[in-house]
>>> print(open('entry-v2.cif').read())   # mmCIF, C-alpha atoms
data_query
loop_
_atom_site.label_atom_id
_atom_site.label_comp_id
_atom_site.auth_asym_id
_atom_site.auth_seq_id
_atom_site.Cartn_x
_atom_site.Cartn_y
_atom_site.Cartn_z
CA MET A 1 -154.42 4.02 129.44
CA LYS A 2 -153.26 3.59 125.83
CA ARG A 3 -149.70 3.03 127.04
CA ILE A 4 -150.80 0.31 129.43
CA LEU A 5 -152.81 -1.46 126.73
CA LEU A 6 -149.95 -1.20 124.23
CA SER A 7 -147.52 -2.50 126.84
CA LEU A 8 -149.77 -5.46 127.61
CA LEU A 9 -150.16 -6.17 123.91
CA PHE A 10 -146.38 -6.07 123.45
CA VAL A 11 -145.85 -8.44 126.38
CA ALA A 12 -148.48 -10.85 125.03
CA ILE A 13 -146.90 -10.87 121.56
CA ALA A 14 -143.40 -11.34 122.98
CA ALA A 15 -144.55 -14.20 125.22
CA THR A 16 -146.22 -15.89 122.27
CA LEU A 17 -143.10 -15.61 120.13
CA LEU A 18 -140.88 -16.94 122.90
CA ALA A 19 -143.22 -19.85 123.53
CA GLN A 20 -142.99 -20.78 119.85
CA SER A 21 -139.20 -20.49 119.62
CA ASP A 22 -138.89 -24.29 119.43
CA TRP A 23 -141.93 -24.72 117.19
CA ALA A 24 -140.77 -28.11 115.90
CA GLN A 25 -139.56 -29.24 119.36
CA HIS A 26 -136.14 -30.12 117.97
CA ASP A 27 -134.66 -29.79 121.45
CA ARG A 28 -136.84 -32.54 122.91
CA TYR A 29 -134.29 -35.26 122.19
CA ALA A 30 -131.12 -33.13 122.45
CA ALA A 31 -129.79 -34.85 125.60
CA ASP A 32 -130.68 -38.31 124.27
CA ASN A 33 -128.98 -37.57 120.96
CA ASP A 34 -125.83 -36.39 122.74
CA SER A 35 -125.62 -39.69 124.63
CA ILE A 36 -125.66 -41.87 121.48
CA THR A 37 -122.17 -43.20 120.76
CA THR A 38 -122.78 -45.80 118.06
CA ARG A 39 -124.56 -45.56 114.74
CA PRO A 40 -128.12 -46.90 115.12
CA LYS A 41 -129.60 -49.38 112.69
CA ALA A 42 -132.75 -47.27 112.30
CA VAL A 43 -134.36 -44.07 113.50
CA PHE A 44 -138.14 -43.92 113.60
CA MET A 45 -139.35 -40.33 113.30
CA GLY A 46 -142.89 -39.05 113.36
CA ASN A 47 -145.87 -38.26 115.53
CA SER A 48 -147.63 -39.89 118.50
CA ILE A 49 -147.76 -43.26 116.76
CA THR A 50 -143.96 -43.38 116.75
CA ASP A 51 -143.65 -41.66 120.12
CA ASN A 52 -145.92 -44.18 121.87
CA TRP A 53 -144.43 -47.18 120.11
CA ALA A 54 -140.96 -46.34 121.43
CA LYS A 55 -142.34 -45.38 124.85
CA PHE A 56 -144.46 -48.49 125.42
CA HIS A 57 -142.16 -51.04 123.74
CA PRO A 58 -138.62 -49.87 124.53
CA GLU A 59 -137.30 -53.45 124.51
CA PHE A 60 -138.20 -53.77 120.81
CA PHE A 61 -136.19 -50.64 120.00
CA LYS A 62 -133.22 -51.58 122.20
CA THR A 63 -133.04 -55.19 120.98
CA ASN A 64 -133.06 -54.13 117.34
CA ASP A 65 -130.77 -51.10 117.72
CA PHE A 66 -133.62 -48.74 116.78
CA ILE A 67 -134.17 -45.22 118.07
CA GLY A 68 -137.59 -43.59 118.43
CA ARG A 69 -137.92 -39.90 117.68
CA GLY A 70 -141.67 -39.37 117.64
CA ILE A 71 -143.39 -36.29 119.02
CA SER A 72 -147.10 -36.36 119.68
CA GLY A 73 -149.06 -33.85 117.62
CA GLN A 74 -146.31 -33.20 115.07
CA VAL A 75 -147.39 -32.27 111.56
CA THR A 76 -145.46 -32.95 108.37
CA SER A 77 -144.16 -29.38 108.09
CA GLN A 78 -142.43 -29.66 111.50
CA LEU A 79 -140.47 -32.83 110.75
CA PRO A 80 -137.84 -31.36 108.39
CA TRP A 81 -136.84 -28.90 111.11
CA ARG A 82 -135.71 -31.90 113.20
CA PHE A 83 -133.90 -33.79 110.44
CA GLN A 84 -130.44 -32.44 111.31
CA SER A 85 -130.55 -33.17 115.04
CA ASP A 86 -132.71 -36.30 115.10
CA LEU A 87 -131.66 -38.01 111.86
CA ILE A 88 -128.60 -36.72 110.04
CA ALA A 89 -126.46 -36.28 113.15
CA LEU A 90 -127.24 -39.86 114.26
CA ARG A 91 -126.31 -41.33 110.85
CA PRO A 92 -128.77 -44.24 110.94
CA ARG A 93 -128.65 -46.91 108.27
CA ILE A 94 -132.43 -46.74 107.86
CA VAL A 95 -134.97 -43.95 108.42
CA VAL A 96 -138.68 -44.63 108.97
CA ILE A 97 -140.96 -41.59 108.89
CA THR A 98 -144.59 -41.57 110.00
CA ALA A 99 -146.14 -38.35 108.74
CA GLY A 100 -149.54 -37.08 107.77
CA PRO A 101 -152.12 -38.18 110.36
CA ASN A 102 -151.94 -34.87 112.23
CA ASP A 103 -152.15 -32.85 109.01
CA MET A 104 -155.64 -34.12 108.25
CA PRO A 105 -157.30 -32.66 111.39
CA GLN A 106 -155.29 -29.47 110.71
CA ASN A 107 -153.33 -29.53 113.99
CA ASN A 108 -151.16 -26.69 112.69
CA GLY A 109 -153.92 -24.58 111.15
CA HIS A 110 -156.01 -24.66 108.01
CA MET A 111 -154.61 -26.25 104.87
CA ALA A 112 -156.28 -26.12 101.47
CA HIS A 113 -156.87 -29.43 99.67
CA GLU A 114 -154.23 -28.43 97.10
CA GLN A 115 -151.58 -28.29 99.83
#
>>> encode(input="entry-v2.cif", output="structure tokens")
Amino acid sequence: MKRILLSLLFVAIAATLLAQSDWAQHDRYAADNDSITTRPKAVFMGNSITDNWAKFHPEFFKTNDFIGRGISGQVTSQLPWRFQSDLIALRPRIVVITAGPNDMPQNNGHMAHEQ
């Protein structure tokens, strides 16, 4: 019985670790990033505010040569993990970052006021 419980515990831990392997979701825009051939004027990076803006007003982004790289629910500590693929590799002239709103409700766990 102990073996079965330990095996189930191991499987649960392994599944959790695998599910979190792309914690910052840096692969979300991988295909889109690969298709970009010209340097964009600006990349907007952030949370659901940015994600929905680009999703619901794509003409604004296309007309102005902007790229939206928002991910709903993202917290500030996840954004730097995406900088290389979603910002640096695209070489935008301008970067606009929306960060912080998801930190306040502690979407990624408890944070002390000092943090």
>>> resolve_selection(input="entry-v2.cif", expression="the PyMOL selection byres ((chain A and resi 81-98) around 10)", output="NGL selection string")
:A and (22-30 or 32-34 or 36-50 or 65-70 or 74-80 or 99-101)
>>> atom_distance(input="entry-v2.cif", atom1="CA of Ser21 in chain A", atom2="CA of Ala54 in chain A")
26.0 Å
>>> atom_distance(input="entry-v2.cif", atom1="CA of Ala31 in chain A", atom2="CA of Gly73 in chain A")
20.9 Å
>>> axis_aligned_box(input="entry-v2.cif", around="range 97-101 of chain A", padding_each_side="8 Å", output="AutoDock Vina command-line options")
--center_x -146.5 --center_y -39.3 --center_z 109.1 --size_x 27.2 --size_y 20.5 --size_z 18.6
